[in-house]
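Quick notes on the structure that follows.
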Number of protein chains: 2
Amino acid sequence: MPGEPRAIARRPLHDELVEHLRDLIVQGGLEPGSKVQEQVLCDQFDVSRTPLREALRSLAAEGLVVLTPRRGATIAAVTRQDIEEAFPIVGALEALAGELACRNISDTEIARAAQLQRDLVASHDRDDLASYSAINAQIHALILKAADNPTLTQQLKSLDGRVRRARYLVNISGVRWAAAVAEHELILKALRARDGKRLGEILKLHIANKLTSLSQQLRAAEEAAEPKKRAAG
Amino acid sequence: MPGEPRAIARRPLHDELVEHLRDLIVQGGLEPGSKVQEQVLCDQFDVSRTPLREALRSLAAEGLVVLTPRRGATIAAVTRQDIEEAFPIVGALEALAGELACRNISDTEIARAAQLQRDLVASHDRDDLASYSAINAQIHALILKAADNPTLTQQLKSLDGRVRRARYLVNISGVRWAAAVAEHELILKALRARDGKRLGEILKLHIANKLTSLSQQLRAAEEAAEPKKRAAG
DNA sequence: CGTATGAATTTTGTATACAAAATACGTGAA
DNA sequence: TTCACGTATTTTGTATACAAAATTCATACG
């Protein structure tokens with residue numbers, strides 16, 4: 001009896017669809033706020049409506065799609081308000097992850113975090129944003145893994161899409177980037193000290209700062225795009 | 001043009017199914033860990049597999065059902081581990097709700113909270129657990145509403161089912177109940193002072209304490225049920 | 001007696017078909 | 001023109017049908 005013989009069989013269509021569609025939505029391939037007709041997506045992916053509808057239900061649970069009865073699906077908008085709602089939640093959950101991580105994390109994992117921190121600084125120094133983002137994600141993943149709470153992991157994953165969408169709207173500013181690197185030094189320090197409370201606070205602040213920067217840029221972009229109710233008369 | 005003319009039309013079957021099944025699962029009508037055959041539920045609710053499968057997908061997103069490809073659906077188990085994972089998350093989110101609520105809450109809402117607190121004490125005094133639970137839920141709902149963050153509300157709602165399932169496993173202990181009432185006094189006090197940080201801390205502790213009590217009872221129940229690996233030789 | 005093999009059955013995954021609701025469109029009246 | 005109304009078309013909701021995988025069961029072999 002081979003306990004877990006999975007990962008061999010091909011995955012169902014609806015699961016593949018979830019991933020494809022998620023990527024599409026996160027990367028802006030589907031216009032936020034736009035209505036999506038089931039048949040259109042069916043033609044595009046060459047599947048029938050049954051698995052597609054199941055996929056849409058999953059994405060709706062993640063908040064990437066909004067399902068209105070008898071009126072179909074729309075791609076969730078990425079308004080400043082949405083982002084300002086989501087980030088504090090992510091902050092609270094990452095803070096919790098930090099607290100829990102300090103209880104369990106091994107010396108090996110801390111060493112790994114230190115290495116990632118060095119890589120992070122290097123990426124910043126050579127202005128390599130793609131590499132920076134990847135390493136940044138790895139550090140947060142490492143903390144989340146050390147927290148050893150699958151429910152928390154799942155919860156953060158379901159928010160991840162919404163957060164990542166925000167990234168595709170504006171690019172990180174130079175000052176914010178530098179500040180983020182500095183904050184990551186504090187994160188590593190708290191992790192080394194296994195100071196859960198402190199790590200939690202820093203992570204919460206780290207994400208709050210990220211939001212502040214993002215929010216400013218979004219507000220600026222909004223006003224640049226539509227100064228309609230301003231000095232028009 | 002009536003802006004929002006909805007709520008008149010009958011809801012789709014899959015939505016109704018989600019609610020029915022959620023209630024069933026939360027209240028233990030479906031054995032945790034048991035396999036559920038689609039056809040069985042279809043016969044029971046007299047619907048076809050299409051809407052049922054969509055409902056199962058929604059419930060899977062809430063963590064009440066586990067979907068394994070090509071192997072069907074099982075009712076999520078309610079292990080002590082699951083509960084110990086979920087409660088800290090709820091604690092972190094309720095703490096955030098408390099912080100946010102203090103920024104916005106009106107005098108009227110605080111007065112309402114004070115009234116609910118009086119009702120809560122009264123329920124406890126006359127040993128009316130059902131009433132107590134209802135009022136307790138109202139207080140937390142009031143805070144959540146004052147937090148004015150729909151995304152947070154949605155997130156907590158999706159965790160609510162898992163938390164409520166735990167309630168059906170064991171009954172609150174007398175000492176814990178008294179302590180909970182006392183903690184609620186502190187919650188009201190922080191709310192009155194609009195001290196977000198403090199309210200957040202209290203709520204987090206409040207839920208952590210709830211978990212401690214629950215966890216103890218569950219551990220006791222486990223050992224009573226199966227003392228298999230203990231003094232057997 | 002236990003184990004392995006393979007057919008029969010069950011169960012899931014997907015496609016298609018049909019009904020009902022929503023939307024789009026066109027016509028006519030004020 | 002603009003609004004109202006009725007019809008045609010599109011789109012969603014649900015049921016059913018069929019294919020593929022998993023499970024069950026019987027049988028043969030060691």
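Each chain in the structure tokens gets a letter, A, B and so on, in the order shown; residues start at 1 in every chain, and ligands are counted from 1 in the order they appear.
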
How would chain B read as a JSON list (two decimals) with C-alpha atoms, in the first residue's frame after a least-squares superposition onto chain A over every Cα atom, matched in order?
```json
[["chain", "number", "residue", "atom", "x", "y", "z"],
["B", 1, "MET", "CA", 1.40, 0.20, 0.15],
["B", 2, "PRO", "CA", 2.78, 3.50, -1.14],
["B", 3, "GLY", "CA", 1.28, 5.93, 1.34],
["B", 4, "GLU", "CA", 0.81, 8.88, -0.98],
["B", 5, "PRO", "CA", 0.95, 7.83, -4.62],
["B", 6, "ARG", "CA", -0.69, 10.95, -5.99],
["B", 7, "ALA", "CA", 0.83, 13.72, -8.10],
["B", 8, "ILE", "CA", 1.02, 11.22, -10.92],
["B", 9, "ALA", "CA", -2.47, 11.53, -12.26],
["B", 10, "ARG", "CA", -3.39, 14.46, -14.50],
["B", 11, "ARG", "CA", -5.27, 17.16, -12.69],
["B", 12, "PRO", "CA", -8.88, 17.96, -13.42],
["B", 13, "LEU", "CA", -9.64, 20.72, -15.87],
["B", 14, "HIS", "CA", -11.26, 22.99, -13.33],
["B", 15, "ASP", "CA", -8.09, 22.98, -11.25],
["B", 16, "GLU", "CA", -5.99, 23.92, -14.24],
["B", 17, "LEU", "CA", -8.51, 26.57, -15.14],
["B", 18, "VAL", "CA", -8.28, 28.08, -11.67],
["B", 19, "GLU", "CA", -4.55, 28.53, -12.05],
["B", 20, "HIS", "CA", -4.68, 29.83, -15.60],
["B", 21, "LEU", "CA", -7.41, 32.29, -14.79],
["B", 22, "ARG", "CA", -5.78, 33.38, -11.56],
["B", 23, "ASP", "CA", -2.56, 34.20, -13.42],
["B", 24, "LEU", "CA", -4.52, 36.00, -16.08],
["B", 25, "ILE", "CA", -6.39, 38.08, -13.54],
["B", 26, "VAL", "CA", -3.39, 38.82, -11.32],
["B", 27, "GLN", "CA", -1.31, 39.92, -14.27],
["B", 28, "GLY", "CA", -4.05, 42.08, -15.67],
["B", 29, "GLY", "CA", -4.86, 39.88, -18.65],
["B", 30, "LEU", "CA", -8.50, 40.34, -17.81],
["B", 31, "GLU", "CA", -9.69, 43.87, -17.32],
["B", 32, "PRO", "CA", -10.62, 44.52, -13.68],
["B", 33, "GLY", "CA", -14.29, 45.28, -13.36],
["B", 34, "SER", "CA", -15.10, 43.82, -16.73],
["B", 35, "LYS", "CA", -17.89, 41.34, -17.25],
["B", 36, "VAL", "CA", -16.78, 37.90, -18.33],
["B", 37, "GLN", "CA", -19.09, 35.69, -20.34],
["B", 38, "GLU", "CA", -18.78, 32.03, -19.60],
["B", 39, "GLN", "CA", -18.94, 31.10, -23.25],
["B", 40, "VAL", "CA", -16.09, 33.44, -24.14],
["B", 41, "LEU", "CA", -13.75, 31.80, -21.66],
["B", 42, "CYS", "CA", -15.00, 28.38, -22.71],
["B", 43, "ASP", "CA", -14.03, 29.09, -26.30],
["B", 44, "GLN", "CA", -10.71, 30.56, -25.24],
["B", 45, "PHE", "CA", -9.71, 27.55, -23.17],
["B", 46, "ASP", "CA", -11.62, 25.01, -25.20],
["B", 47, "VAL", "CA", -13.54, 23.53, -22.31],
["B", 48, "SER", "CA", -17.21, 23.23, -21.56],
["B", 49, "ARG", "CA", -19.06, 25.42, -19.13],
["B", 50, "THR", "CA", -19.20, 22.86, -16.34],
["B", 51, "PRO", "CA", -15.54, 22.91, -15.30],
["B", 52, "LEU", "CA", -15.30, 26.61, -16.08],
["B", 53, "ARG", "CA", -18.14, 27.46, -13.72],
["B", 54, "GLU", "CA", -16.51, 25.41, -10.99],
["B", 55, "ALA", "CA", -13.28, 27.31, -11.52],
["B", 56, "LEU", "CA", -15.10, 30.63, -11.31],
["B", 57, "ARG", "CA", -16.58, 29.58, -7.98],
["B", 58, "SER", "CA", -13.12, 28.92, -6.60],
["B", 59, "LEU", "CA", -11.84, 32.25, -7.84],
["B", 60, "ALA", "CA", -14.86, 33.97, -6.34],
["B", 61, "ALA", "CA", -13.89, 32.52, -2.97],
["B", 62, "GLU", "CA", -10.44, 34.06, -3.43],
["B", 63, "GLY", "CA", -12.02, 37.39, -4.19],
["B", 64, "LEU", "CA", -10.62, 37.62, -7.70],
["B", 65, "VAL", "CA", -14.01, 37.22, -9.32],
["B", 66, "VAL", "CA", -17.40, 38.51, -8.29],
["B", 67, "LEU", "CA", -20.37, 36.26, -9.01],
["B", 68, "THR", "CA", -23.78, 37.88, -9.22],
["B", 69, "PRO", "CA", -26.72, 35.49, -9.45],
["B", 70, "ARG", "CA", -28.40, 35.45, -12.84],
["B", 71, "ARG", "CA", -26.01, 38.15, -13.95],
["B", 72, "GLY", "CA", -22.76, 36.33, -14.37],
["B", 73, "ALA", "CA", -19.18, 36.92, -13.37],
["B", 74, "THR", "CA", -17.09, 40.05, -13.32],
["B", 75, "ILE", "CA", -13.38, 40.40, -12.71],
["B", 76, "ALA", "CA", -13.00, 41.94, -9.27],
["B", 77, "ALA", "CA", -11.94, 45.55, -9.43],
["B", 78, "VAL", "CA", -8.65, 46.58, -7.86],
["B", 79, "THR", "CA", -9.65, 49.82, -6.29],
["B", 80, "ARG", "CA", -7.55, 51.70, -3.80],
["B", 81, "GLN", "CA", -10.22, 50.88, -1.26],
["B", 82, "ASP", "CA", -9.88, 47.15, -1.89],
["B", 83, "ILE", "CA", -6.14, 47.36, -1.41],
["B", 84, "GLU", "CA", -6.47, 49.45, 1.71],
["B", 85, "GLU", "CA", -8.79, 46.80, 3.09],
["B", 86, "ALA", "CA", -6.65, 43.81, 2.18],
["B", 87, "PHE", "CA", -3.22, 44.94, 3.31],
["B", 88, "PRO", "CA", -3.98, 45.36, 7.01],
["B", 89, "ILE", "CA", -5.37, 41.85, 6.98],
["B", 90, "VAL", "CA", -2.23, 40.50, 5.39],
["B", 91, "GLY", "CA", -0.25, 42.51, 7.93],
["B", 92, "ALA", "CA", -2.11, 40.97, 10.85],
["B", 93, "LEU", "CA", -1.67, 37.46, 9.46],
["B", 94, "GLU", "CA", 2.01, 37.90, 8.65],
["B", 95, "ALA", "CA", 2.54, 39.30, 12.12],
["B", 96, "LEU", "CA", 0.94, 36.17, 13.53],
["B", 97, "ALA", "CA", 3.16, 34.07, 11.29],
["B", 98, "GLY", "CA", 6.19, 35.88, 12.65],
["B", 99, "GLU", "CA", 5.14, 35.28, 16.24],
["B", 100, "LEU", "CA", 4.58, 31.60, 15.64],
["B", 101, "ALA", "CA", 7.75, 31.22, 13.60],
["B", 102, "CYS", "CA", 9.92, 32.41, 16.46],
["B", 103, "ARG", "CA", 8.65, 29.53, 18.57],
["B", 104, "ASN", "CA", 9.72, 26.87, 16.12],
["B", 105, "ILE", "CA", 12.41, 28.15, 13.84],
["B", 106, "SER", "CA", 15.63, 26.16, 13.68],
["B", 107, "ASP", "CA", 19.18, 27.50, 13.52],
["B", 108, "THR", "CA", 19.42, 26.12, 9.99],
["B", 109, "GLU", "CA", 16.39, 28.08, 8.92],
["B", 110, "ILE", "CA", 17.72, 31.25, 10.50],
["B", 111, "ALA", "CA", 20.99, 30.74, 8.63],
["B", 112, "ARG", "CA", 18.97, 30.36, 5.46],
["B", 113, "ALA", "CA", 17.11, 33.58, 6.24],
["B", 114, "ALA", "CA", 20.42, 35.37, 6.75],
["B", 115, "GLN", "CA", 21.62, 34.16, 3.36],
["B", 116, "LEU", "CA", 18.40, 35.34, 1.73],
["B", 117, "GLN", "CA", 18.81, 38.72, 3.41],
["B", 118, "ARG", "CA", 22.29, 39.04, 1.87],
["B", 119, "ASP", "CA", 20.86, 38.13, -1.52],
["B", 120, "LEU", "CA", 18.07, 40.64, -1.00],
["B", 121, "VAL", "CA", 20.55, 43.45, -0.34],
["B", 122, "ALA", "CA", 22.59, 42.40, -3.37],
["B", 123, "SER", "CA", 19.49, 42.50, -5.61],
["B", 124, "HIS", "CA", 18.69, 45.95, -4.38],
["B", 125, "ASP", "CA", 22.27, 47.13, -4.89],
["B", 126, "ARG", "CA", 22.27, 46.06, -8.51],
["B", 127, "ASP", "CA", 18.75, 47.42, -9.02],
["B", 128, "ASP", "CA", 17.33, 44.01, -9.94],
["B", 129, "LEU", "CA", 13.68, 44.32, -9.01],
["B", 130, "ALA", "CA", 12.63, 40.93, -10.37],
["B", 131, "SER", "CA", 15.25, 39.14, -8.32],
["B", 132, "TYR", "CA", 14.42, 41.27, -5.29],
["B", 133, "SER", "CA", 10.75, 40.37, -5.48],
["B", 134, "ALA", "CA", 11.53, 36.69, -5.77],
["B", 135, "ILE", "CA", 13.87, 36.72, -2.78],
["B", 136, "ASN", "CA", 11.45, 38.82, -0.80],
["B", 137, "ALA", "CA", 8.76, 36.24, -1.41],
["B", 138, "GLN", "CA", 11.13, 33.49, -0.31],
["B", 139, "ILE", "CA", 11.81, 35.20, 2.99],
["B", 140, "HIS", "CA", 8.15, 35.60, 3.77],
["B", 141, "ALA", "CA", 7.59, 31.99, 2.72],
["B", 142, "LEU", "CA", 10.36, 30.84, 5.04],
["B", 143, "ILE", "CA", 8.72, 32.59, 7.99],
["B", 144, "LEU", "CA", 5.34, 31.22, 7.06],
["B", 145, "LYS", "CA", 6.77, 27.71, 6.84],
["B", 146, "ALA", "CA", 8.45, 28.05, 10.22],
["B", 147, "ALA", "CA", 5.13, 29.18, 11.67],
["B", 148, "ASP", "CA", 3.96, 25.66, 10.88],
["B", 149, "ASN", "CA", 0.28, 26.50, 10.62],
["B", 150, "PRO", "CA", -1.25, 25.13, 7.42],
["B", 151, "THR", "CA", -4.50, 26.96, 7.99],
["B", 152, "LEU", "CA", -2.63, 30.24, 8.19],
["B", 153, "THR", "CA", -0.70, 29.35, 5.06],
["B", 154, "GLN", "CA", -3.91, 28.66, 3.21],
["B", 155, "GLN", "CA", -5.48, 31.87, 4.44],
["B", 156, "LEU", "CA", -2.54, 33.98, 3.30],
["B", 157, "LYS", "CA", -2.43, 32.19, -0.01],
["B", 158, "SER", "CA", -6.02, 33.08, -0.71],
["B", 159, "LEU", "CA", -5.17, 36.74, -0.08],
["B", 160, "ASP", "CA", -1.97, 36.57, -2.09],
["B", 161, "GLY", "CA", -3.62, 37.01, -5.46],
["B", 162, "ARG", "CA", -5.29, 40.23, -4.39],
["B", 163, "VAL", "CA", -2.03, 41.58, -3.02],
["B", 164, "ARG", "CA", -0.03, 40.65, -6.09],
["B", 165, "ARG", "CA", -2.53, 42.39, -8.33],
["B", 166, "ALA", "CA", -1.65, 45.64, -6.63],
["B", 167, "ARG", "CA", 1.96, 45.14, -7.67],
["B", 168, "TYR", "CA", 0.99, 45.20, -11.29],
["B", 169, "LEU", "CA", -0.61, 48.59, -10.88],
["B", 170, "VAL", "CA", 2.38, 50.65, -9.79],
["B", 171, "ASN", "CA", 6.10, 50.09, -9.40],
["B", 172, "ILE", "CA", 7.85, 50.38, -6.08],
["B", 173, "SER", "CA", 9.40, 53.78, -5.45],
["B", 174, "GLY", "CA", 13.13, 54.18, -4.84],
["B", 175, "VAL", "CA", 12.76, 55.46, -1.30],
["B", 176, "ARG", "CA", 10.26, 52.80, -0.37],
["B", 177, "TRP", "CA", 12.54, 50.11, -1.78],
["B", 178, "ALA", "CA", 15.48, 51.28, 0.33],
["B", 179, "ALA", "CA", 13.27, 51.46, 3.40],
["B", 180, "ALA", "CA", 11.97, 47.96, 2.75],
["B", 181, "VAL", "CA", 15.51, 46.60, 2.66],
["B", 182, "ALA", "CA", 16.24, 48.31, 5.97],
["B", 183, "GLU", "CA", 13.07, 46.83, 7.49],
["B", 184, "HIS", "CA", 14.17, 43.42, 6.36],
["B", 185, "GLU", "CA", 17.34, 43.84, 8.38],
["B", 186, "LEU", "CA", 15.15, 44.34, 11.45],
["B", 187, "ILE", "CA", 13.09, 41.32, 10.52],
["B", 188, "LEU", "CA", 16.20, 39.16, 10.39],
["B", 189, "LYS", "CA", 17.43, 40.59, 13.68],
["B", 190, "ALA", "CA", 14.16, 39.78, 15.46],
["B", 191, "LEU", "CA", 14.17, 36.34, 13.92],
["B", 192, "ARG", "CA", 17.71, 35.71, 15.17],
["B", 193, "ALA", "CA", 16.66, 36.83, 18.65],
["B", 194, "ARG", "CA", 13.57, 34.67, 18.30],
["B", 195, "ASP", "CA", 11.62, 37.64, 19.58],
["B", 196, "GLY", "CA", 8.15, 36.78, 18.33],
["B", 197, "LYS", "CA", 6.37, 39.83, 19.63],
["B", 198, "ARG", "CA", 8.92, 42.16, 18.08],
["B", 199, "LEU", "CA", 8.99, 40.26, 14.79],
["B", 200, "GLY", "CA", 5.23, 40.47, 14.65],
["B", 201, "GLU", "CA", 5.29, 44.22, 15.18],
["B", 202, "ILE", "CA", 7.94, 44.74, 12.53],
["B", 203, "LEU", "CA", 6.14, 42.65, 9.97],
["B", 204, "LYS", "CA", 2.91, 44.46, 10.62],
["B", 205, "LEU", "CA", 4.66, 47.79, 10.22],
["B", 206, "HIS", "CA", 6.53, 46.53, 7.18],
["B", 207, "ILE", "CA", 3.29, 45.80, 5.42],
["B", 208, "ALA", "CA", 1.60, 48.93, 6.67],
["B", 209, "ASN", "CA", 4.46, 50.94, 5.17],
["B", 210, "LYS", "CA", 4.15, 49.06, 1.93],
["B", 211, "LEU", "CA", 0.48, 50.01, 1.87],
["B", 212, "THR", "CA", 1.19, 53.67, 2.63],
["B", 213, "SER", "CA", 3.55, 53.90, -0.30],
["B", 214, "LEU", "CA", 1.24, 52.01, -2.63],
["B", 215, "SER", "CA", -1.76, 54.02, -1.56],
["B", 216, "GLN", "CA", 0.00, 57.32, -2.20],
["B", 217, "GLN", "CA", 0.98, 56.24, -5.67],
["B", 218, "LEU", "CA", -2.51, 55.03, -6.41],
["B", 219, "ARG", "CA", -4.03, 58.25, -5.20],
["B", 220, "ALA", "CA", -1.65, 60.19, -7.40],
["B", 221, "ALA", "CA", -2.46, 57.97, -10.37],
["B", 222, "GLU", "CA", -6.17, 58.45, -9.74],
["B", 223, "GLU", "CA", -5.94, 62.21, -9.71],
["B", 224, "ALA", "CA", -3.76, 62.23, -12.78],
["B", 225, "ALA", "CA", -6.22, 60.03, -14.61],
["B", 226, "GLU", "CA", -9.46, 61.77, -13.73],
["B", 227, "PRO", "CA", -9.27, 65.23, -12.19],
["B", 228, "LYS", "CA", -12.95, 65.58, -13.01],
["B", 229, "LYS", "CA", -14.21, 67.13, -9.80],
["B", 230, "ARG", "CA", -11.37, 69.58, -9.47],
["B", 231, "ALA", "CA", -11.25, 73.19, -10.66],
["B", 232, "ALA", "CA", -13.53, 72.33, -13.54],
["B", 233, "GLY", "CA", -15.91, 75.30, -13.24]]
```

request  = Please identify all polymer residues within 9 Å of DT23 in chain D, counting only C-alpha atoms (C1' of nucleotides), omitting same-chain residues fewer than 6 positions from it, and present them as a PyMOL selection string.
outcome  = chain C and resi 9-11

inquiry  = According to DSSP computed on the backbone, where in range 27-222 of chain B is there alpha helix (DSSP H)? Give the residues as a ChimeraX atom specification.
reply    = /B:38-45,49-62,80-104,107-125,129-147,150-167,174-192,196-222

Just the residues within 12 Å of DA17 in chain C, please, counting only C-alpha atoms (C1' of nucleotides), with nothing from its chain fewer than 3 positions along; format it as a compact mmCIF listing (two decimals) with C-alpha atoms (C1' of nucleotides), in the first residue's frame.
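In the end it all went to part04.txt:
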```txt
# COMPACT_ATOMS: atom_id res chain seq x y z
C1' DT D 14 -29.76 23.02 -14.05
C1' DA D 15 -30.28 18.32 -15.72
C1' DT D 16 -28.69 14.60 -18.19
C1' DA D 17 -25.36 11.76 -20.85
```

message = Using only C-alpha atoms (C1' of nucleotides) and a cut-off of 9 Å, which residues of chain C sit close to chain A? Please list them as a ChimeraX atom specification.
response = /C:13-16,21-22

inquiry  = Env of range 5-8 of chain D: 9 Å cut, atoms = only C-alpha atoms (C1' of nucleotides), seq-sep filter 5 positions within chain, self excluded. Answer as a list in words.
reply    =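 Counting only the stated atoms, we get DA24, DC25, DG26, DT27 and DG28 of chain C.
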
query = Using only C-alpha atoms (C1' of nucleotides), which residues sit within 12 Å of DC29 in chain D once same-chain residues fewer than 3 positions away are excluded, as a list of chain:residue names?
reply =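 Counting only the stated atoms, we get C:DG2, C:DT3, C:DA4, C:DT5.
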
Given the selection you just returned, output its residues as a file containing C-alpha atoms (C1' of nucleotides), formatted as a PDB file, in the first residue's frame.
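In the end it all went to again39.pdb:
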```
ATOM      1  C1'  DG C   2      -2.895 -14.993   1.861  1.00  0.00           C
ATOM      2  C1'  DT C   3      -1.869 -12.464  -2.261  1.00  0.00           C
ATOM      3  C1'  DA C   4      -2.200 -10.993  -6.898  1.00  0.00           C
ATOM      4  C1'  DT C   5      -4.792 -10.283 -11.064  1.00  0.00           C
TER       5       DT C   5
END
```

query = Mind pulling up the distance from C1' of DA20 in chain D to C1' of DA8 in chain C?
reply =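 Those two atoms sit 15.2 Å apart.
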
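Between C1' of DT11 in chain D and C1' of DC18 in chain C the interatomic distance comes to 13.4 Å.
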
key: Proximal residues of chain D relative to chain A (only C-alpha atoms (C1' of nucleotides); 10 Å) as a PyMOL selection string   = chain D and resi 11-13+21

Expected file contents, prior selection, C-alpha atoms (C1' of nucleotides), as a PDB file, in the first residue's frame:
```pdb
ATOM      1  C1'  DT D  11     -26.606  34.229 -21.171  1.00  0.00           C
ATOM      2  C1'  DT D  12     -27.059  31.864 -17.004  1.00  0.00           C
ATOM      3  C1'  DG D  13     -28.902  27.802 -14.212  1.00  0.00           C
ATOM      4  C1'  DA D  21     -10.663   6.725 -13.343  1.00  0.00           C
TER       5       DA D  21
END
```

task = Write out as a VMD selection string which residues come within 10 Å of DC3 in chain D when counting only C-alpha atoms (C1' of nucleotides), dropping same-chain ones fewer than 2 positions away.
result = (chain C and resid 29 to 30) or (chain D and resid 1 5)

message = With DSSP run on the backbone, what are the strand (DSSP E or B) residues within range 38-215 of chain B? I'd like them as a ChimeraX atom specification.
response = /B:65-68,72-75
